[in-house]
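Dropping model18.txt in here (compact mmCIF, C-alpha atoms):
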```txt
# COMPACT_ATOMS: atom_id res chain seq x y z
CA MET A 16 140.79 75.89 119.21
CA THR A 17 137.24 77.20 118.95
CA LYS A 18 136.39 78.53 115.53
CA VAL A 19 134.25 81.67 115.28
CA LEU A 20 132.51 83.25 112.30
CA LYS A 21 132.11 87.03 112.45
CA ILE A 22 130.96 89.74 110.04
CA SER A 23 131.45 93.23 111.38
CA LYS A 24 129.47 96.29 110.35
CA ALA A 25 131.11 98.83 108.06
CA GLY A 26 133.63 100.89 109.99
CA LYS A 27 133.70 98.49 112.94
CA SER A 28 136.62 96.31 113.93
CA ILE A 29 136.32 92.56 113.56
CA THR A 30 138.07 92.28 116.94
CA SER A 31 135.49 94.44 118.71
CA ALA A 32 133.99 93.10 121.94
CA GLU A 33 130.75 95.00 121.34
CA PRO A 34 127.98 92.68 120.00
CA ARG A 35 126.22 95.56 118.26
CA ASP A 36 129.26 96.07 116.03
CA PHE A 37 128.47 92.87 114.14
CA ILE A 38 126.02 91.87 111.45
CA PHE A 39 126.70 88.29 112.43
CA ASN A 40 128.77 86.75 115.18
CA SER A 41 128.56 83.05 115.99
CA GLU A 42 129.37 83.90 119.60
CA PHE A 43 126.11 85.88 119.79
CA PRO A 44 123.79 83.85 117.60
CA SER A 45 120.46 84.95 116.29
CA THR A 46 118.12 82.30 117.63
CA LEU A 47 114.98 83.47 115.91
CA LYS A 48 115.00 81.50 112.71
CA ILE A 49 111.71 81.43 110.85
CA VAL A 50 110.62 77.83 110.28
CA LYS A 51 107.09 78.56 109.09
CA GLU A 52 105.43 81.70 107.80
CA ASN A 53 102.18 82.16 105.98
CA LYS A 54 99.10 84.29 105.64
CA GLY A 55 95.41 83.64 105.72
CA THR A 56 91.99 85.20 105.94
CA LEU A 57 89.25 84.68 108.46
CA THR A 58 85.62 85.49 107.73
CA ILE A 59 83.66 86.49 110.80
CA SER A 60 79.91 86.92 111.00
CA ALA A 61 78.44 90.14 112.37
CA SER A 62 79.09 90.91 116.03
CA THR A 63 80.66 87.58 116.88
CA TYR A 64 84.02 85.84 116.63
CA ASN A 65 85.83 83.17 114.68
CA THR A 66 89.05 81.28 115.32
CA ALA A 67 91.84 80.49 112.86
CA GLU A 68 93.31 77.08 113.64
CA ILE A 69 96.69 76.65 111.97
CA SER A 70 98.39 73.25 112.09
CA HIS A 71 102.17 73.49 112.12
CA ASP A 72 103.50 69.90 112.26
CA LEU A 73 106.40 70.89 114.51
CA ASP A 74 107.41 68.62 117.35
CA TYR A 75 107.53 71.43 119.88
CA VAL A 76 105.64 74.53 120.99
CA PRO A 77 107.15 77.25 118.81
CA VAL A 78 107.65 80.91 119.62
CA ALA A 79 104.88 82.52 117.58
CA MET A 80 104.19 86.00 116.23
CA ILE A 81 101.06 87.22 114.46
CA PHE A 82 99.98 90.35 112.60
CA VAL A 83 96.31 91.09 111.95
CA GLU A 84 94.72 93.71 109.71
CA CYS A 85 92.01 94.56 112.24
CA ASN A 86 90.44 97.08 109.87
CA PRO A 87 90.09 95.20 106.54
CA GLY A 88 91.62 97.12 103.65
CA SER A 89 93.40 99.63 105.89
CA GLY A 90 96.83 98.15 105.24
CA LYS A 91 97.62 98.47 108.96
CA TYR A 92 98.65 95.26 110.67
CA TYR A 93 98.65 95.01 114.45
CA CYS A 94 101.17 92.77 116.17
CA GLY A 95 99.97 90.24 118.69
CA ILE A 96 97.14 91.25 120.96
CA ALA A 97 96.64 94.86 119.97
CA LYS A 98 94.90 96.91 122.63
CA LEU A 99 92.73 98.99 120.36
CA PRO A 100 90.60 101.57 122.21
CA SER A 101 86.86 101.24 121.61
CA GLY A 102 86.80 104.49 119.61
CA ASP A 103 89.74 103.64 117.38
CA THR A 104 88.79 103.65 113.69
CA ASP A 105 90.83 100.47 113.17
CA ARG A 106 88.83 98.56 115.75
CA LYS A 107 86.64 96.83 113.19
CA SER A 108 87.95 93.68 114.79
CA TYR A 109 90.55 92.71 117.36
CA VAL A 110 92.44 89.64 118.52
CA ASP A 111 90.96 88.06 121.63
CA SER A 112 93.62 88.31 124.34
CA ASN A 113 91.95 85.63 126.45
CA GLU A 114 94.45 82.83 127.02
CA ALA A 115 91.72 80.27 126.47
CA ASN A 116 91.20 81.49 122.92
CA THR A 117 94.51 82.72 121.46
CA TYR A 118 97.58 80.55 122.03
CA VAL A 119 99.99 78.05 120.52
CA THR A 120 100.51 74.35 121.23
CA ASP A 121 102.80 71.65 119.83
CA GLU A 122 100.18 71.03 117.13
CA LYS A 123 98.40 74.28 116.30
CA LEU A 124 98.33 78.05 116.49
CA TYR A 125 94.93 79.41 117.49
CA ILE A 126 93.97 83.02 116.72
CA ARG A 127 90.53 84.17 117.80
CA ILE A 128 89.37 87.39 116.19
CA VAL A 129 86.33 89.32 117.34
CA ASN A 130 84.17 91.23 114.83
CA THR A 131 82.90 94.50 116.32
CA GLN A 132 80.80 95.32 113.24
CA ALA A 133 77.13 94.71 112.51
CA SER A 134 78.06 93.03 109.24
CA GLU A 135 80.30 90.17 108.17
CA ILE A 136 83.97 91.00 107.66
CA THR A 137 87.00 89.14 106.34
CA VAL A 138 90.27 89.78 108.13
CA LYS A 139 93.78 89.11 106.86
CA TYR A 140 96.47 87.74 109.14
CA TYR A 141 100.12 86.76 108.91
CA TYR A 142 101.93 84.42 111.23
CA TYR A 143 105.52 83.49 111.91
CA LEU A 144 106.67 80.41 113.79
CA PHE A 145 110.27 80.30 114.91
CA GLY A 146 112.78 77.53 115.38
CA GLU A 147 112.73 78.12 119.11
CA THR A 148 110.54 76.56 121.71
CA ALA A 149 108.38 78.69 123.95
CA GLU A 150 108.33 75.90 126.49
CA TYR A 151 109.24 76.60 130.08
CA MET B 6 136.43 96.94 97.52
CA ALA B 7 133.74 95.83 99.94
CA TYR B 8 132.87 92.14 100.00
CA VAL B 9 129.32 90.97 100.61
CA ILE B 10 128.03 87.55 101.65
CA LYS B 11 124.50 86.65 100.61
CA LEU B 12 122.40 83.49 100.67
CA SER B 13 119.16 83.55 98.73
CA LYS B 14 116.09 81.41 99.14
CA SER B 15 115.64 78.47 96.82
CA GLY B 16 114.66 79.63 93.34
CA LYS B 17 115.82 83.21 93.86
CA ASN B 18 118.77 84.85 92.12
CA VAL B 19 121.16 86.01 94.81
CA ASN B 20 122.42 88.80 92.55
CA THR B 21 119.06 90.35 91.77
CA CYS B 22 116.48 89.26 94.31
CA ALA B 23 114.89 91.54 96.90
CA ASP B 24 116.18 91.56 100.48
CA LYS B 25 113.09 89.65 101.62
CA ASP B 26 114.18 86.74 99.44
CA LEU B 27 117.54 86.44 101.16
CA ILE B 28 118.17 84.00 103.99
CA PHE B 29 121.27 85.93 104.99
CA SER B 30 123.06 89.08 103.91
CA SER B 31 126.12 90.63 105.45
CA GLU B 32 124.55 93.99 104.57
CA LEU B 33 121.54 93.41 106.85
CA ASP B 34 121.70 93.47 110.63
CA MET B 35 120.31 90.55 112.62
CA LEU B 36 118.90 90.23 116.11
CA LYS B 37 121.65 88.76 118.29
CA THR B 38 120.54 87.04 121.45
CA LYS B 39 121.98 88.05 124.80
CA ILE B 40 119.62 85.98 126.95
CA SER B 41 117.08 83.24 126.20
CA SER B 42 115.81 81.93 129.49
CA THR B 43 112.83 81.22 131.72
CA THR B 44 111.53 82.73 134.93
CA SER B 45 108.55 82.52 137.25
CA GLY B 46 106.97 84.50 140.03
CA THR B 47 104.21 86.88 141.03
CA GLY B 48 103.77 90.62 140.53
CA ASP B 49 106.50 92.45 138.65
CA ILE B 50 109.32 90.05 137.81
CA GLU B 51 112.52 92.04 137.25
CA ILE B 52 115.30 90.64 135.11
CA ALA B 53 118.53 92.60 135.00
CA HIS B 54 120.11 92.58 131.56
CA ASN B 55 123.32 94.48 132.40
CA LEU B 56 123.22 96.44 129.18
CA ALA B 57 123.57 100.18 129.53
CA TYR B 58 120.80 100.84 126.99
CA VAL B 59 117.22 99.77 126.25
CA PRO B 60 117.31 96.49 124.32
CA VAL B 61 114.83 94.72 122.06
CA CYS B 62 113.10 91.96 124.01
CA PHE B 63 109.89 89.99 124.48
CA ALA B 64 108.31 87.51 126.86
CA ILE B 65 105.95 84.57 126.40
CA LYS B 66 103.67 83.18 129.09
CA LYS B 67 103.09 79.53 129.86
CA ILE B 68 99.30 79.16 129.92
CA ALA B 69 99.22 75.43 130.67
CA THR B 70 101.22 72.31 129.89
CA ASP B 71 102.04 72.47 126.15
CA LYS B 72 99.98 75.66 125.78
CA TYR B 73 101.69 79.03 125.47
CA GLY B 74 100.95 82.62 124.63
CA ILE B 75 102.24 84.42 121.56
CA ILE B 76 104.56 87.40 121.21
CA SER B 77 102.89 90.61 122.48
CA GLN B 78 100.19 88.75 124.38
CA GLN B 79 102.07 89.18 127.64
CA SER B 80 102.49 92.59 129.25
CA TYR B 81 106.09 93.58 129.89
CA LYS B 82 108.29 96.65 129.80
CA VAL B 83 111.98 97.25 129.37
CA SER B 84 114.40 99.92 130.56
CA ASP B 85 118.15 100.41 130.39
CA THR B 86 118.50 98.18 133.46
CA ASN B 87 115.67 95.63 133.56
CA LEU B 88 113.09 93.66 131.67
CA VAL B 89 109.99 93.71 133.88
CA ILE B 90 107.33 91.07 133.23
CA ASN B 91 103.91 91.81 134.68
CA ALA B 92 102.77 88.55 136.28
CA ASP B 93 99.65 87.93 138.31
CA ASP B 94 99.85 89.46 141.79
CA SER B 95 98.94 86.30 143.67
CA THR B 96 99.34 83.26 141.41
CA THR B 97 102.79 82.15 140.29
CA GLU B 98 103.17 82.41 136.52
CA TYR B 99 105.84 81.03 134.21
CA PHE B 100 107.55 82.75 131.31
CA ARG B 101 110.16 82.38 128.61
CA TYR B 102 111.89 85.58 127.64
CA TYR B 103 114.40 86.84 125.11
CA ILE B 104 116.69 89.84 125.41
CA PHE B 105 118.64 90.91 122.34
CA TYR B 106 121.76 93.01 121.98
CA GLU B 107 120.03 95.38 119.58
CA GLU B 108 119.05 98.71 121.04
CA LEU B 109 115.68 100.40 120.63
CA ASN B 110 115.64 103.61 118.61
CA THR B 111 118.95 103.19 116.85
```
Rewritten as structure tokens:
Amino acid sequence: MTKVLKISKAGKSITSAEPRDFIFNSEFPSTLKIVKENKGTLTISASTYNTAEISHDLDYVPVAMIFVECNPGSGKYYCGIAKLPSGDTDRKSYVDSNEANTYVTDEKLYIRIVNTQASEITVKYYYYLFGETAEY
Amino acid sequence: MAYVIKLSKSGKNVNTCADKDLIFSSELDMLKTKISSTTSGTGDIEIAHNLAYVPVCFAIKKIATDKYGIISQQSYKVSDTNLVINADDSTTEYFRYYIFYEELNT
């Protein structure tokens, strides 16, 4: 007999067939377990770019998520490759969407950030690496 | 009386710590995976999810051997019928994608 662990939401039946009725159900597992998370800063000279290289020591290419405070001090963090319009006040910097510059391998996460300002800036970023492979 | 199951992170008091310091709580919903799979093709790649609502999802592109994009780097859209990944129009591209049971805007 297969054993199943379920926790239903308040007011929902534990015998429900609807996955959304459960906080947890081992028949519909949550695969996105965080295996590494951290934050960092990247200082970028005026009108150029810099790349954060983050070693992860995992034996696979992990699913990766990043958040970047493109406008330092704004408290607004953009997920992934934010498409900030050129006139956007938060476009003090942006993540380079070019696949040659921002990507993840089985050794490192690379985040290239472009400084649009005529002075040096320091940008905060957060990253999450999951216990799932991105590999095809 | 309602029962609650909680697991806290190492060094945190399960009775008093903030939600962010919990590994699991039966009071907090979790993303539940419907599909974790791969696909390839050109143009708009349509993946039927057979849910009657718009689910949470994302896709990751294979850039090269052992080199992959990150979440939100790939363009895709989702409706109440399909996840549509926007691949190159002429060159075959390869993707991993996730579709969750959780619905947007609920």
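Straight-line separation from CA of Gly88 (chain A) to CA of Arg127 (chain A): 19.2 Å.
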Sorted by chain and rising residue number, list the residues of chain B at most 10 Å from chain A (counting only C-alpha atoms), each with its closest atom pair and distance in Å to one decimal, as CSV.
```
residue,atom,partner,partner_atom,distance
B:Ala7,CA,A:Ala25,CA,9.0
B:Val9,CA,A:Ile22,CA,9.7
B:Ile10,CA,A:Ile22,CA,9.2
B:Ile28,CA,A:Lys48,CA,9.6
B:Phe29,CA,A:Phe39,CA,9.5
B:Ser30,CA,A:Ile38,CA,8.6
B:Ser31,CA,A:Ile38,CA,6.1
B:Glu32,CA,A:Ile38,CA,7.3
B:Leu33,CA,A:Ile38,CA,6.6
B:Asp34,CA,A:Ile38,CA,4.7
B:Met35,CA,A:Ile38,CA,6.0
B:Leu36,CA,A:Ser45,CA,5.5
B:Lys37,CA,A:Ser45,CA,4.5
B:Thr38,CA,A:Ser45,CA,5.6
B:Lys39,CA,A:Phe43,CA,6.8
B:Ile40,CA,A:Phe43,CA,9.7
B:Ser41,CA,A:Thr46,CA,8.7
B:Ser42,CA,A:Tyr151,CA,8.5
B:Thr43,CA,A:Tyr151,CA,6.1
B:Thr44,CA,A:Tyr151,CA,8.1
B:Ser45,CA,A:Tyr151,CA,9.3
B:Ala64,CA,A:Ala149,CA,9.3
B:Ile65,CA,A:Ala149,CA,6.8
B:Lys66,CA,A:Ala149,CA,8.3
B:Lys67,CA,A:Tyr151,CA,6.8
B:Ile68,CA,A:Glu114,CA,6.7
B:Ala69,CA,A:Glu114,CA,9.5
B:Thr70,CA,A:Glu150,CA,8.7
B:Asp71,CA,A:Thr120,CA,5.5
B:Lys72,CA,A:Thr120,CA,4.8
B:Tyr73,CA,A:Val119,CA,5.3
B:Gly74,CA,A:Tyr118,CA,4.7
B:Ile75,CA,A:Ala79,CA,5.1
B:Ile76,CA,A:Met80,CA,5.2
B:Ser77,CA,A:Gly95,CA,4.8
B:Gln78,CA,A:Ile96,CA,5.2
B:Gln79,CA,A:Ile96,CA,8.6
B:Ser80,CA,A:Ile96,CA,10.0
B:Tyr99,CA,A:Tyr151,CA,6.9
B:Phe100,CA,A:Tyr151,CA,6.5
B:Arg101,CA,A:Tyr151,CA,6.0
B:Tyr102,CA,A:Ala149,CA,8.6
B:Tyr103,CA,A:Thr46,CA,9.5
B:Phe105,CA,A:Ser45,CA,8.7
B:Tyr106,CA,A:Arg35,CA,6.3
B:Glu107,CA,A:Arg35,CA,6.3
B:Glu108,CA,A:Arg35,CA,8.3
```
CA of Val83 (chain B) and CA of Tyr142 (chain A) are how many Å apart?
24.4 Å
Hey, can you check how far CA of Ile59 (chain A) sits from CA of Asp72 (chain A)?
25.9 Å
With all atoms listed in the file as the counted atoms, please give the residues lying no more than 8 Å from Leu109 (chain B), apart from itself and same-chain residues fewer than 3 positions off, as a JSON list (two decimals) with C-alpha atoms, in the frame of the given file.
```json
[["chain", "number", "residue", "atom", "x", "y", "z"],
["B", 59, "VAL", "CA", 117.22, 99.77, 126.25],
["B", 60, "PRO", "CA", 117.31, 96.49, 124.32],
["B", 61, "VAL", "CA", 114.83, 94.72, 122.06]]
```
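Using all atoms listed in the file for every distance, the candidate list A:Asp103, A:Glu135, A:Glu84, A:Glu52 yields A:Glu52 as the residue closest to His71 (chain A).
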Specify the axis-aligned box that encloses all atoms of region 52-71 of chain A listed in the file after padding of 3 Å on each side, stating its centre and edge lengths in Å to one decimal as lines of an AutoDock Vina configuration file.
```
center_x = 91.9
center_y = 82.1
center_z = 111.3
size_x = 33.0
size_y = 23.7
size_z = 17.2
```
Find the residues near Ser60 (chain A): any atom within 8 Å, counting all atoms listed in the file, skip ones fewer than 5 places away on the same chain, and give them as a compact mmCIF listing (two decimals) with C-alpha atoms, in the frame of the given file.
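Now in part38.txt:
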```txt
# COMPACT_ATOMS: atom_id res chain seq x y z
CA ASN A 65 85.83 83.17 114.68
CA ASN A 130 84.17 91.23 114.83
CA SER A 134 78.06 93.03 109.24
CA GLU A 135 80.30 90.17 108.17
CA ILE A 136 83.97 91.00 107.66
```
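For the residues A:Thr56, A:Thr66, A:Thr104, A:Ser31, ranking by smallest atom-to-atom distance to Asn86 (chain A) using all atoms listed in the file places A:Thr104 first.
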Go through B:Leu88, B:Ile52, B:Leu27, B:Ala57 and flag the residue nearest Ser15 (chain B), using all atoms listed in the file for the distances.
B:Leu27
Provide region 41-76 of chain B rebuilt to N, CA and C atoms, formatted as a PDB file, in the coordinates of the input.
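Okay, selection-v3.pdb is ready:
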```pdb
ATOM      1  N   SER B  41     118.307  84.003 126.438  1.00  0.00           N
ATOM      2  CA  SER B  41     117.080  83.240 126.200  1.00  0.00           C
ATOM      3  C   SER B  41     116.926  82.368 127.419  1.00  0.00           C
ATOM      4  N   SER B  42     115.914  82.647 128.227  1.00  0.00           N
ATOM      5  CA  SER B  42     115.810  81.930 129.490  1.00  0.00           C
ATOM      6  C   SER B  42     114.371  81.882 129.964  1.00  0.00           C
ATOM      7  N   THR B  43     114.170  81.319 131.141  1.00  0.00           N
ATOM      8  CA  THR B  43     112.830  81.220 131.720  1.00  0.00           C
ATOM      9  C   THR B  43     112.855  81.813 133.123  1.00  0.00           C
ATOM     10  N   THR B  44     111.670  82.193 133.573  1.00  0.00           N
ATOM     11  CA  THR B  44     111.530  82.730 134.930  1.00  0.00           C
ATOM     12  C   THR B  44     110.109  82.479 135.406  1.00  0.00           C
ATOM     13  N   SER B  45     109.895  82.666 136.691  1.00  0.00           N
ATOM     14  CA  SER B  45     108.550  82.520 137.250  1.00  0.00           C
ATOM     15  C   SER B  45     108.425  83.415 138.463  1.00  0.00           C
ATOM     16  N   GLY B  46     107.184  83.683 138.842  1.00  0.00           N
ATOM     17  CA  GLY B  46     106.970  84.500 140.030  1.00  0.00           C
ATOM     18  C   GLY B  46     105.616  85.167 140.010  1.00  0.00           C
ATOM     19  N   THR B  47     105.442  86.099 140.937  1.00  0.00           N
ATOM     20  CA  THR B  47     104.210  86.880 141.030  1.00  0.00           C
ATOM     21  C   THR B  47     104.567  88.366 140.938  1.00  0.00           C
ATOM     22  N   GLY B  48     103.551  89.171 140.611  1.00  0.00           N
ATOM     23  CA  GLY B  48     103.770  90.620 140.530  1.00  0.00           C
ATOM     24  C   GLY B  48     104.756  90.976 139.435  1.00  0.00           C
ATOM     25  N   ASP B  49     105.504  92.032 139.638  1.00  0.00           N
ATOM     26  CA  ASP B  49     106.500  92.450 138.650  1.00  0.00           C
ATOM     27  C   ASP B  49     107.772  91.618 138.808  1.00  0.00           C
ATOM     28  N   ILE B  50     108.104  90.860 137.787  1.00  0.00           N
ATOM     29  CA  ILE B  50     109.320  90.050 137.810  1.00  0.00           C
ATOM     30  C   ILE B  50     110.413  90.841 137.095  1.00  0.00           C
ATOM     31  N   GLU B  51     111.445  91.212 137.812  1.00  0.00           N
ATOM     32  CA  GLU B  51     112.520  92.040 137.250  1.00  0.00           C
ATOM     33  C   GLU B  51     113.706  91.176 136.845  1.00  0.00           C
ATOM     34  N   ILE B  52     114.156  91.396 135.635  1.00  0.00           N
ATOM     35  CA  ILE B  52     115.300  90.640 135.110  1.00  0.00           C
ATOM     36  C   ILE B  52     116.346  91.648 134.655  1.00  0.00           C
ATOM     37  N   ALA B  53     117.452  91.681 135.359  1.00  0.00           N
ATOM     38  CA  ALA B  53     118.530  92.600 135.000  1.00  0.00           C
ATOM     39  C   ALA B  53     119.223  92.111 133.734  1.00  0.00           C
ATOM     40  N   HIS B  54     119.448  93.019 132.788  1.00  0.00           N
ATOM     41  CA  HIS B  54     120.110  92.580 131.560  1.00  0.00           C
ATOM     42  C   HIS B  54     121.558  93.077 131.456  1.00  0.00           C
ATOM     43  N   ASN B  55     121.937  93.988 132.345  1.00  0.00           N
ATOM     44  CA  ASN B  55     123.320  94.480 132.400  1.00  0.00           C
ATOM     45  C   ASN B  55     123.800  95.127 131.119  1.00  0.00           C
ATOM     46  N   LEU B  56     122.863  95.614 130.324  1.00  0.00           N
ATOM     47  CA  LEU B  56     123.220  96.440 129.180  1.00  0.00           C
ATOM     48  C   LEU B  56     122.983  97.889 129.609  1.00  0.00           C
ATOM     49  N   ALA B  57     123.717  98.788 129.103  1.00  0.00           N
ATOM     50  CA  ALA B  57     123.570 100.180 129.530  1.00  0.00           C
ATOM     51  C   ALA B  57     122.648 100.954 128.591  1.00  0.00           C
ATOM     52  N   TYR B  58     121.760 100.227 127.918  1.00  0.00           N
ATOM     53  CA  TYR B  58     120.800 100.840 126.990  1.00  0.00           C
ATOM     54  C   TYR B  58     119.525  99.999 126.992  1.00  0.00           C
ATOM     55  N   VAL B  59     118.512 100.473 126.287  1.00  0.00           N
ATOM     56  CA  VAL B  59     117.220  99.770 126.250  1.00  0.00           C
ATOM     57  C   VAL B  59     117.242  98.772 125.098  1.00  0.00           C
ATOM     58  N   PRO B  60     117.202  97.479 125.401  1.00  0.00           N
ATOM     59  CA  PRO B  60     117.310  96.490 124.320  1.00  0.00           C
ATOM     60  C   PRO B  60     115.960  96.011 123.792  1.00  0.00           C
ATOM     61  N   VAL B  61     115.989  95.422 122.611  1.00  0.00           N
ATOM     62  CA  VAL B  61     114.830  94.720 122.060  1.00  0.00           C
ATOM     63  C   VAL B  61     114.605  93.452 122.887  1.00  0.00           C
ATOM     64  N   CYS B  62     113.372  93.168 123.224  1.00  0.00           N
ATOM     65  CA  CYS B  62     113.100  91.960 124.010  1.00  0.00           C
ATOM     66  C   CYS B  62     111.626  91.574 123.880  1.00  0.00           C
ATOM     67  N   PHE B  63     111.293  90.386 124.341  1.00  0.00           N
ATOM     68  CA  PHE B  63     109.890  89.990 124.480  1.00  0.00           C
ATOM     69  C   PHE B  63     109.784  88.827 125.458  1.00  0.00           C
ATOM     70  N   ALA B  64     108.564  88.594 125.914  1.00  0.00           N
ATOM     71  CA  ALA B  64     108.310  87.510 126.860  1.00  0.00           C
ATOM     72  C   ALA B  64     107.067  86.737 126.424  1.00  0.00           C
ATOM     73  N   ILE B  65     107.056  85.455 126.754  1.00  0.00           N
ATOM     74  CA  ILE B  65     105.950  84.570 126.400  1.00  0.00           C
ATOM     75  C   ILE B  65     105.501  83.846 127.662  1.00  0.00           C
ATOM     76  N   LYS B  66     104.214  83.805 127.879  1.00  0.00           N
ATOM     77  CA  LYS B  66     103.670  83.180 129.090  1.00  0.00           C
ATOM     78  C   LYS B  66     103.301  81.720 128.856  1.00  0.00           C
ATOM     79  N   LYS B  67     103.586  80.902 129.871  1.00  0.00           N
ATOM     80  CA  LYS B  67     103.090  79.530 129.860  1.00  0.00           C
ATOM     81  C   LYS B  67     101.667  79.547 130.379  1.00  0.00           C
ATOM     82  N   ILE B  68     100.715  79.141 129.536  1.00  0.00           N
ATOM     83  CA  ILE B  68      99.300  79.160 129.920  1.00  0.00           C
ATOM     84  C   ILE B  68      98.938  77.856 130.631  1.00  0.00           C
ATOM     85  N   ALA B  69      99.443  76.753 130.083  1.00  0.00           N
ATOM     86  CA  ALA B  69      99.220  75.430 130.670  1.00  0.00           C
ATOM     87  C   ALA B  69     100.262  74.506 130.061  1.00  0.00           C
ATOM     88  N   THR B  70     100.270  73.259 130.476  1.00  0.00           N
ATOM     89  CA  THR B  70     101.220  72.310 129.890  1.00  0.00           C
ATOM     90  C   THR B  70     101.010  72.262 128.382  1.00  0.00           C
ATOM     91  N   ASP B  71     102.079  72.483 127.620  1.00  0.00           N
ATOM     92  CA  ASP B  71     102.040  72.470 126.150  1.00  0.00           C
ATOM     93  C   ASP B  71     101.097  73.508 125.556  1.00  0.00           C
ATOM     94  N   LYS B  72     100.844  74.595 126.287  1.00  0.00           N
ATOM     95  CA  LYS B  72      99.980  75.660 125.780  1.00  0.00           C
ATOM     96  C   LYS B  72     100.593  76.987 126.192  1.00  0.00           C
ATOM     97  N   TYR B  73     100.945  77.805 125.200  1.00  0.00           N
ATOM     98  CA  TYR B  73     101.690  79.030 125.470  1.00  0.00           C
ATOM     99  C   TYR B  73     101.084  80.223 124.749  1.00  0.00           C
ATOM    100  N   GLY B  74     101.372  81.392 125.277  1.00  0.00           N
ATOM    101  CA  GLY B  74     100.950  82.620 124.630  1.00  0.00           C
ATOM    102  C   GLY B  74     101.821  82.938 123.445  1.00  0.00           C
ATOM    103  N   ILE B  75     101.473  83.987 122.718  1.00  0.00           N
ATOM    104  CA  ILE B  75     102.240  84.420 121.560  1.00  0.00           C
ATOM    105  C   ILE B  75     102.941  85.733 121.879  1.00  0.00           C
ATOM    106  N   ILE B  76     103.841  86.148 121.001  1.00  0.00           N
ATOM    107  CA  ILE B  76     104.560  87.400 121.210  1.00  0.00           C
ATOM    108  C   ILE B  76     103.566  88.557 121.258  1.00  0.00           C
TER     109      ILE B  76
END
```
